[in-house]
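Asker: Data: coords_11.pdb, PDB, C-alpha atoms.
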ATOM      1  CA  MET A   1       0.000   0.000   0.000
ATOM      2  CA  ALA A   2       1.277   3.462  -0.848
ATOM      3  CA  PRO A   3       0.924   5.929   2.021
ATOM      4  CA  SER A   4      -1.924   8.371   1.460
ATOM      5  CA  ILE A   5      -1.088  11.994   0.721
ATOM      6  CA  SER A   6      -4.285  13.556   1.984
ATOM      7  CA  ASP A   7      -7.825  12.330   2.438
ATOM      8  CA  ASP A   8      -9.247  14.543  -0.299
ATOM      9  CA  MET A   9      -6.448  13.989  -2.770
ATOM     10  CA  ILE A  10      -6.048  10.293  -3.437
ATOM     11  CA  SER A  11      -8.982   8.219  -4.577
ATOM     12  CA  GLY A  12      -9.215   4.456  -4.549
ATOM     13  CA  THR A  13      -7.068   2.079  -2.550
ATOM     14  CA  GLY A  14      -3.737   3.790  -3.139
ATOM     15  CA  LYS A  15      -2.173   0.496  -4.220
ATOM     16  CA  VAL A  16       0.952   0.818  -6.315
ATOM     17  CA  ALA A  17       0.688  -0.693  -9.787
ATOM     18  CA  THR A  18       3.568  -2.909 -10.862
ATOM     19  CA  THR A  19       2.492  -3.795 -14.402
ATOM     20  CA  TYR A  20       1.304  -1.713 -17.347
ATOM     21  CA  ASN A  21      -2.417  -1.141 -17.002
ATOM     22  CA  VAL A  22      -5.288  -0.432 -19.378
ATOM     23  CA  GLY A  23      -4.904   3.322 -18.960
ATOM     24  CA  TYR A  24      -1.235   3.197 -19.943
ATOM     25  CA  SER A  25      -1.508   5.662 -22.823
ATOM     26  CA  LYS A  26      -3.632   8.123 -20.847
ATOM     27  CA  ARG A  27      -1.143   8.850 -18.082
ATOM     28  CA  ALA A  28       2.559   9.587 -18.160
ATOM     29  CA  TYR A  29       5.596  11.035 -16.493
ATOM     30  CA  VAL A  30       7.148  13.888 -18.443
ATOM     31  CA  THR A  31      10.528  15.597 -18.327
ATOM     32  CA  PHE A  32      12.289  18.308 -20.327
ATOM     33  CA  LEU A  33      15.556  18.421 -22.261
ATOM     34  CA  ALA A  34      17.386  21.172 -24.143
ATOM     35  CA  GLY A  35      20.762  21.447 -25.817
ATOM     36  CA  ASN A  36      23.507  18.934 -26.500
ATOM     37  CA  GLY A  37      25.041  18.727 -23.045
ATOM     38  CA  ASP A  38      25.097  16.114 -20.319
ATOM     39  CA  TYR A  39      21.549  16.487 -18.983
ATOM     40  CA  VAL A  40      20.688  13.532 -21.202
ATOM     41  CA  LYS A  41      22.406  11.405 -18.549
ATOM     42  CA  GLY A  42      19.876  12.649 -16.035
ATOM     43  CA  VAL A  43      16.999  11.603 -18.283
ATOM     44  CA  VAL A  44      18.520   8.145 -18.780
ATOM     45  CA  GLY A  45      18.896   7.816 -15.021
ATOM     46  CA  LEU A  46      15.299   8.908 -14.492
ATOM     47  CA  ALA A  47      13.994   6.382 -17.031
ATOM     48  CA  LYS A  48      15.923   3.592 -15.318
ATOM     49  CA  GLY A  49      14.778   4.764 -11.901
ATOM     50  CA  LEU A  50      11.126   4.603 -12.937
ATOM     51  CA  ARG A  51      11.710   1.055 -14.189
ATOM     52  CA  LYS A  52      13.403   0.095 -10.934
ATOM     53  CA  VAL A  53      10.339   1.125  -8.913
ATOM     54  CA  LYS A  54       8.108  -0.670 -11.457
ATOM     55  CA  SER A  55       6.161   2.356 -12.607
ATOM     56  CA  ALA A  56       3.172   1.516 -14.780
ATOM     57  CA  TYR A  57       3.506   4.606 -16.950
ATOM     58  CA  PRO A  58       5.869   5.813 -19.699
ATOM     59  CA  LEU A  59       8.385   8.652 -19.528
ATOM     60  CA  VAL A  60       7.788  11.339 -22.152
ATOM     61  CA  VAL A  61      10.729  13.623 -22.944
ATOM     62  CA  ALA A  62       9.693  17.079 -24.166
ATOM     63  CA  MET A  63      12.736  18.415 -25.980
ATOM     64  CA  LEU A  64      13.741  21.515 -27.881
ATOM     65  CA  PRO A  65      14.918  21.283 -31.510
ATOM     66  CA  ASP A  66      18.593  21.644 -30.544
ATOM     67  CA  VAL A  67      18.766  18.227 -28.866
ATOM     68  CA  PRO A  68      20.997  16.130 -31.178
ATOM     69  CA  GLU A  69      19.766  12.972 -32.867
ATOM     70  CA  GLU A  70      22.232  10.757 -30.996
ATOM     71  CA  HIS A  71      20.692  11.877 -27.705
ATOM     72  CA  ARG A  72      17.208  11.204 -29.047
ATOM     73  CA  GLU A  73      18.221   7.712 -30.133
ATOM     74  CA  LEU A  74      19.757   7.040 -26.724
ATOM     75  CA  LEU A  75      16.512   8.008 -25.017
ATOM     76  CA  ARG A  76      14.410   5.918 -27.386
ATOM     77  CA  SER A  77      16.694   2.973 -26.645
ATOM     78  CA  GLN A  78      15.840   3.490 -22.967
ATOM     79  CA  GLY A  79      12.115   3.276 -23.689
ATOM     80  CA  CYS A  80      11.405   7.005 -23.564
ATOM     81  CA  ILE A  81       8.772   8.667 -25.728
ATOM     82  CA  VAL A  82      10.583  11.475 -27.543
ATOM     83  CA  ARG A  83       8.494  14.575 -28.288
ATOM     84  CA  GLU A  84      10.008  17.631 -29.948
ATOM     85  CA  ILE A  85       8.441  20.906 -28.877
ATOM     86  CA  GLU A  86       8.784  24.446 -30.153
ATOM     87  CA  PRO A  87      10.370  26.959 -27.784
ATOM     88  CA  ILE A  88       8.237  29.519 -25.996
ATOM     89  CA  TYR A  89       9.954  32.863 -25.760
ATOM     90  CA  PRO A  90       9.859  34.909 -22.551
ATOM     91  CA  PRO A  91       7.627  37.982 -22.510
ATOM     92  CA  GLU A  92      10.385  40.186 -21.122
ATOM     93  CA  ASN A  93      14.102  40.784 -21.683
ATOM     94  CA  GLN A  94      16.067  37.532 -21.522
ATOM     95  CA  VAL A  95      18.300  38.688 -18.647
ATOM     96  CA  GLN A  96      15.452  39.409 -16.242
ATOM     97  CA  PHE A  97      15.648  36.088 -14.440
ATOM     98  CA  ALA A  98      17.253  35.016 -11.206
ATOM     99  CA  MET A  99      19.374  32.630 -13.272
ATOM    100  CA  ALA A 100      20.155  33.402 -16.929
ATOM    101  CA  TYR A 101      19.423  29.861 -18.134
ATOM    102  CA  TYR A 102      15.836  30.152 -16.868
ATOM    103  CA  VAL A 103      15.100  31.815 -20.214
ATOM    104  CA  ILE A 104      14.327  28.368 -21.663
ATOM    105  CA  ASN A 105      11.969  27.308 -18.902
ATOM    106  CA  TYR A 106       8.802  28.761 -20.411
ATOM    107  CA  SER A 107       9.118  26.070 -23.071
ATOM    108  CA  LYS A 108       8.153  23.506 -20.444
ATOM    109  CA  LEU A 109       4.614  24.864 -20.703
ATOM    110  CA  ARG A 110       4.360  23.072 -24.050
ATOM    111  CA  ILE A 111       3.571  19.875 -22.183
ATOM    112  CA  TRP A 112      -0.029  21.123 -22.029
ATOM    113  CA  ASN A 113      -0.074  20.292 -25.756
ATOM    114  CA  PHE A 114       0.226  16.587 -24.943
ATOM    115  CA  GLU A 115      -3.539  16.194 -25.022
ATOM    116  CA  GLU A 116      -3.487  12.429 -25.479
ATOM    117  CA  TYR A 117      -2.614  12.165 -21.770
ATOM    118  CA  SER A 118      -5.320  12.796 -19.216
ATOM    119  CA  LYS A 119      -2.808  13.192 -16.380
ATOM    120  CA  MET A 120       0.930  13.796 -16.194
ATOM    121  CA  VAL A 121       3.542  14.067 -13.461
ATOM    122  CA  TYR A 122       6.356  16.450 -14.363
ATOM    123  CA  LEU A 123       9.875  15.557 -13.176
ATOM    124  CA  ASP A 124      13.008  17.570 -13.957
ATOM    125  CA  ALA A 125      15.889  15.697 -15.584
ATOM    126  CA  ASP A 126      17.995  16.012 -12.422
ATOM    127  CA  ILE A 127      15.409  14.129 -10.366
ATOM    128  CA  GLN A 128      15.504  10.499  -9.295
ATOM    129  CA  VAL A 129      12.550   8.439  -8.090
ATOM    130  CA  TYR A 130      13.400   5.962  -5.329
ATOM    131  CA  GLU A 131       9.919   4.653  -4.536
ATOM    132  CA  ASN A 132       6.888   4.112  -6.729
ATOM    133  CA  ILE A 133       4.801   7.291  -6.952
ATOM    134  CA  ASP A 134       2.209   6.142  -9.487
ATOM    135  CA  HIS A 135      -0.485   6.861  -6.909
ATOM    136  CA  LEU A 136       0.021  10.585  -7.577
ATOM    137  CA  LEU A 137      -1.744   9.993 -10.876
ATOM    138  CA  ASP A 138      -4.801   8.826  -8.935
ATOM    139  CA  ALA A 139      -5.181  12.283  -7.390
ATOM    140  CA  THR A 140      -8.597  13.911  -7.664
ATOM    141  CA  ASP A 141      -9.145  15.610 -11.019
ATOM    142  CA  GLY A 142      -9.339  19.374 -11.344
ATOM    143  CA  TYR A 143      -6.366  20.365  -9.198
ATOM    144  CA  PHE A 144      -2.723  21.295  -9.738
ATOM    145  CA  TYR A 145      -0.468  19.424  -7.301
ATOM    146  CA  ALA A 146       3.091  20.391  -6.428
ATOM    147  CA  VAL A 147       5.565  20.380  -3.563
ATOM    148  CA  MET A 148       6.010  23.778  -1.939
ATOM    149  CA  ASP A 149       9.468  25.272  -2.360
ATOM    150  CA  CYS A 150      11.482  28.278  -1.294
ATOM    151  CA  PHE A 151      13.929  30.361  -3.313
ATOM    152  CA  CYS A 152      16.761  31.460  -1.062
ATOM    153  CA  GLU A 153      18.076  34.987  -1.553
ATOM    154  CA  LYS A 154      21.741  33.988  -1.402
ATOM    155  CA  THR A 155      21.633  32.237  -4.768
ATOM    156  CA  TRP A 156      20.674  35.271  -6.843
ATOM    157  CA  SER A 157      20.746  38.647  -5.076
ATOM    158  CA  HIS A 158      24.341  39.331  -6.127
ATOM    159  CA  SER A 159      23.893  38.236  -9.736
ATOM    160  CA  PRO A 160      23.883  40.620 -12.752
ATOM    161  CA  GLN A 161      20.260  39.676 -13.388
ATOM    162  CA  TYR A 162      19.219  41.047  -9.983
ATOM    163  CA  SER A 163      20.554  44.524 -10.821
ATOM    164  CA  VAL A 164      17.912  44.918 -13.542
ATOM    165  CA  GLY A 165      15.419  45.838 -10.833
ATOM    166  CA  TYR A 166      12.846  43.239 -11.855
ATOM    167  CA  CYS A 167      13.789  39.619 -11.475
ATOM    168  CA  GLN A 168      11.604  36.579 -11.996
ATOM    169  CA  GLN A 169      12.854  33.925  -9.648
ATOM    170  CA  CYS A 170      11.642  30.829 -11.488
ATOM    171  CA  PRO A 171       9.719  31.967 -14.581
ATOM    172  CA  ASP A 172       7.760  28.818 -15.334
ATOM    173  CA  LYS A 173       6.956  28.293 -11.646
ATOM    174  CA  ASP A 174       6.011  31.952 -11.163
ATOM    175  CA  PHE A 175       3.595  31.633 -14.079
ATOM    176  CA  LEU A 176       2.089  28.411 -12.736
ATOM    177  CA  ASN A 177       1.743  29.849  -9.227
ATOM    178  CA  LYS A 178      -0.238  32.757 -10.644
ATOM    179  CA  TYR A 179      -2.309  30.768 -13.125
ATOM    180  CA  PHE A 180      -3.219  27.867 -10.823
ATOM    181  CA  ASN A 181      -3.422  29.695  -7.495
ATOM    182  CA  HIS A 182      -7.121  28.853  -7.114
ATOM    183  CA  ILE A 183      -6.695  25.093  -7.689
ATOM    184  CA  TYR A 184      -3.199  24.467  -6.320
ATOM    185  CA  LYS A 185      -2.857  21.764  -3.690
ATOM    186  CA  PRO A 186       0.459  21.159  -1.926
ATOM    187  CA  ILE A 187       1.864  17.664  -1.534
ATOM    188  CA  PRO A 188       4.525  16.587   0.974
ATOM    189  CA  LEU A 189       8.233  17.288   0.664
ATOM    190  CA  ILE A 190       8.921  13.574   0.233
ATOM    191  CA  TYR A 191       7.770  13.907  -3.392
ATOM    192  CA  ASN A 192      10.471  16.445  -4.310
ATOM    193  CA  LEU A 193      13.341  16.751  -1.859
ATOM    194  CA  VAL A 194      15.472  19.669  -3.003
ATOM    195  CA  LEU A 195      18.894  18.835  -1.579
ATOM    196  CA  ALA A 196      19.444  22.318  -0.168
ATOM    197  CA  MET A 197      16.667  21.528   2.303
ATOM    198  CA  LEU A 198      19.143  19.232   4.064
ATOM    199  CA  TRP A 199      21.078  22.222   5.389
ATOM    200  CA  ARG A 200      18.572  25.077   5.056
ATOM    201  CA  HIS A 201      15.550  23.411   6.661
ATOM    202  CA  PRO A 202      16.780  20.115   8.166
ATOM    203  CA  GLU A 203      13.902  20.103  10.637
ATOM    204  CA  ASN A 204      11.530  19.469   7.709
ATOM    205  CA  VAL A 205      13.421  16.523   6.227
ATOM    206  CA  LYS A 206      12.937  12.852   7.081
ATOM    207  CA  LEU A 207      15.395  11.323   4.656
ATOM    208  CA  ASP A 208      14.270   7.736   5.220
ATOM    209  CA  GLU A 209      10.752   8.665   4.015
ATOM    210  CA  VAL A 210      11.789  10.536   0.862
ATOM    211  CA  LYS A 211      10.527   9.066  -2.417
ATOM    212  CA  VAL A 212      11.874  11.616  -4.907
ATOM    213  CA  VAL A 213      15.204  13.466  -4.757
ATOM    214  CA  HIS A 214      15.923  16.612  -6.773
ATOM    215  CA  TYR A 215      19.650  17.054  -7.405
ATOM    216  CA  CYS A 216      19.383  20.774  -8.134
ATOM    217  CA  ALA A 217      21.788  22.198  -5.538
ATOM    218  CA  ALA A 218      25.034  23.578  -6.953
ATOM    219  CA  GLY A 219      27.502  20.724  -7.399
ATOM    220  CA  SER A 220      24.986  17.957  -6.700
ATOM    221  CA  LYS A 221      24.346  16.667 -10.240
ATOM    222  CA  PRO A 222      25.542  13.069  -9.852
ATOM    223  CA  TRP A 223      27.096  12.911 -13.329
ATOM    224  CA  ARG A 224      29.181  16.035 -12.539
ATOM    225  CA  TYR A 225      29.749  15.454  -8.845
ATOM    226  CA  THR A 226      33.221  16.204  -7.444
ATOM    227  CA  GLY A 227      32.387  16.897  -3.805
ATOM    228  CA  LYS A 228      34.309  20.183  -3.911
ATOM    229  CA  GLU A 229      31.419  22.651  -3.940
ATOM    230  CA  GLU A 230      29.913  24.050  -0.760
ATOM    231  CA  ASN A 231      27.960  21.433   1.254
ATOM    232  CA  MET A 232      28.842  18.678  -1.207
ATOM    233  CA  ASP A 233      31.182  16.937   1.235
ATOM    234  CA  ARG A 234      28.264  16.031   3.513
ATOM    235  CA  GLU A 235      27.749  12.319   4.100
ATOM    236  CA  ASP A 236      24.052  12.460   3.233
ATOM    237  CA  ILE A 237      24.896  14.068  -0.118
ATOM    238  CA  LYS A 238      27.528  11.423  -0.860
ATOM    239  CA  ILE A 239      25.023   8.666  -0.083
ATOM    240  CA  LEU A 240      22.349  10.181  -2.337
ATOM    241  CA  VAL A 241      24.803  10.657  -5.200
ATOM    242  CA  ALA A 242      25.924   7.031  -4.848
ATOM    243  CA  LYS A 243      22.275   5.892  -4.917
ATOM    244  CA  TRP A 244      21.766   7.688  -8.231
ATOM    245  CA  TRP A 245      24.869   6.057  -9.721
ATOM    246  CA  ASP A 246      23.737   2.616  -8.546
ATOM    247  CA  ILE A 247      20.654   3.004 -10.735
ATOM    248  CA  TYR A 248      22.386   4.661 -13.686
ATOM    249  CA  THR A 249      25.037   1.945 -13.983
ATOM    250  CA  ASP A 250      22.674  -1.000 -13.410
ATOM    251  CA  GLU A 251      22.453  -2.709 -16.817
ATOM    252  CA  SER A 252      19.548  -4.843 -15.619
ATOM    253  CA  LEU A 253      17.446  -1.653 -15.647
ATOM    254  CA  ASP A 254      18.112  -0.922 -19.323
ATOM    255  CA  TYR A 255      15.031  -0.992 -21.546
ATOM    256  CA  LYS A 256      14.234  -4.466 -22.861
ATOM    257  CA  SER A 257      12.427  -5.165 -26.118
ATOM    258  CA  SER A 258       9.870  -7.223 -24.174
ATOM    259  CA  ASP A 259       8.766  -4.070 -22.346
ATOM    260  CA  PRO A 260       5.770  -2.134 -23.737
ATOM    261  CA  GLU A 261       6.818  -0.170 -26.820
ATOM    262  CA  PRO A 262       6.960   3.623 -26.486
ATOM    263  CA  GLU A 263       4.692   5.626 -28.734
ATOM    264  CA  GLY A 264       5.914   7.444 -31.827
ATOM    265  CA  GLU A 265       7.242  10.977 -31.945
ATOM    266  CA  THR A 266       4.575  13.554 -32.665
ATOM    267  CA  PHE A 267       3.910  17.208 -31.917
ATOM    268  CA  SER A 268       0.364  18.357 -31.211
ATOM    269  CA  ARG A 269      -0.397  21.935 -32.240
ATOM    270  CA  SER A 270      -4.099  21.867 -31.481
ATOM    271  CA  SER A 271      -4.204  23.442 -28.046
ATOM    272  CA  ILE A 272      -4.184  27.087 -27.110
ATOM    273  CA  MET A 273      -0.490  27.000 -26.189
ATOM    274  CA  ALA A 274       0.398  26.205 -29.796
ATOM    275  CA  THR A 275      -1.429  29.311 -31.024
ATOM    276  CA  MET A 276       0.872  31.694 -29.173
ATOM    277  CA  PRO A 277       2.546  34.144 -31.592
ATOM    278  CA  GLU A 278       6.311  33.916 -31.885
ATOM    279  CA  PRO A 279       8.355  37.080 -31.296
ATOM    280  CA  ALA A 280      10.262  38.752 -34.073
ATOM    281  CA  ILE A 281      13.620  37.340 -32.970
ATOM    282  CA  ALA A 282      15.641  34.452 -34.244
ATOM    283  CA  TYR A 283      15.686  31.204 -32.317
ATOM    284  CA  ILE A 284      18.882  30.882 -30.303
ATOM    285  CA  PRO A 285      20.022  27.373 -29.299
ATOM    286  CA  ALA A 286      19.226  26.913 -25.629
ATOM    287  CA  PRO A 287      21.889  26.284 -23.014
ATOM    288  CA  SER A 288      22.162  22.690 -21.923
ATOM    289  CA  ALA A 289      19.868  22.686 -18.928
ATOM    290  CA  ALA A 290      16.595  21.231 -17.754
TER     291      ALA A 290
END
So that I can check it, write out the structure of this file as structure tokens.
Answerer:
Amino acid sequence: MAPSISDDMISGTGKVATTYNVGYSKRAYVTFLAGNGDYVKGVVGLAKGLRKVKSAYPLVVAMLPDVPEEHRELLRSQGCIVREIEPIYPPENQVQFAMAYYVINYSKLRIWNFEEYSKMVYLDADIQVYENIDHLLDATDGYFYAVMDCFCEKTWSHSPQYSVGYCQQCPDKDFLNKYFNHIYKPIPLIYNLVLAMLWRHPENVKLDEVKVVHYCAAGSKPWRYTGKEENMDREDIKILVAKWWDIYTDESLDYKSSDPEPEGETFSRSSIMATMPEPAIAYIPAPSAA
């Protein structure tokens, strides 16, 4: 039995599915990829992690046009559904973000074009799932569920972007917070442990209960980890990085041809998001980030 999240959120028994079910094509996990850098390793690790916990649903990778074909083939070979999306350009100057690379994050909103899925759980590419969370997809319809987060001043107040005078902290999240404020429902920290919580708010963390870990703290990406950055020499960080590598290097978790086949690559333009006008600027290849 999966532990309940809240009485009004989860319907049914809460049992975790371990085989592909009838509603397979109607629900999915989705992540995002841009550029030709090493974030593809994070997506491979995520795909293998979902297999390890016996998720019943596919992983869809929403990617920008600058993701190279060899990365697409690698993800297909790991059972991912590859979906190219068109970039969404920010409404303001590209430097008006807490972090410059956030300029690409509006493109994540394209996942609302994936209308063949009735429900999706979004996971960044630097996330790993350590326990089955399929029960999140049984949440009551009509709400937007997410783990509450904080954006600590130290990470951006001394950046060039801050000096502009107007600074979106997390553009896609700021937009979602505004748009879904009337239907947002928080879910527990165990579904998205941001590693900085370990030293910023340790009183809120029960590491043995965490199901999903977000390796977004500076220096914590497992495939780049050196242990030299601030807080990266902590034992709990070392353990969590090693756990990620255990999954990534486990060949038994590679996609097998006997597994359900991923769907073909398509791009739906039918929803309102696809009707957004493009600005009169040339497309610039995105930095390699997710």
Asker: Check which residues satisfy the PyMOL selection byres ((chain A and resi 223) around 12) in the file shown, then give them as a list in words.
Answerer: Gly37, Asp38, Tyr39, Val40, Lys41, Gly42, Val43, Val44, Gly45, Ala125, Asp126, Tyr215, Gly219, Ser220, Lys221, Pro222, Arg224, Tyr225, Thr226, Gly227, Val241, Ala242, Lys243, Trp244, Trp245, Asp246, Tyr248 and Thr249 of chain A
Asker: Hey, which of A:Lys108, A:Arg72, A:Lys48, A:His182 ends up closest to Tyr130 of chain A? Count all atoms listed in the file.
Answerer: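 Nearest candidate to Tyr130 of chain A out of A:Lys108, A:Arg72, A:Lys48, A:His182: A:Lys48.
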Asker: In Å, how far is it from atom CA of Glu69 of chain A to atom CA of Pro87 of chain A?
Answerer: 17.6 Å
Asker: For atom CA of Leu207 of chain A and atom CA of Val129 of chain A, quote the distance in Å rounded to one decimal.
Answerer: 13.4 Å
Asker: Please report the interatomic distance between atom CA of Asn192 of chain A and atom CA of Glu70 of chain A in Å with one decimal.
Answerer: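 We find that atom CA of Asn192 of chain A and atom CA of Glu70 of chain A lie 29.7 Å from each other.
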Asker: Find the residues near Leu123 of chain A: any atom within 8 Å, counting all atoms listed in the file, skip ones fewer than 3 places away on the same chain, and give them as a ChimeraX atom specification.
Answerer: /A:29-31,127
Asker: List the neighbours of Lys119 of chain A out to 7 Å using all atoms listed in the file; skip same-chain residues closer than 3 positions along the sequence, and give me the result as a PyMOL selection string.
Answerer: chain A and resi 26-28+137
Asker: With only C-alpha atoms as the atoms that count, which of A:Val212, A:Ala146, A:Ala218, A:Val194 lies nearest to Glu230 of chain A?
Answerer: A:Ala218
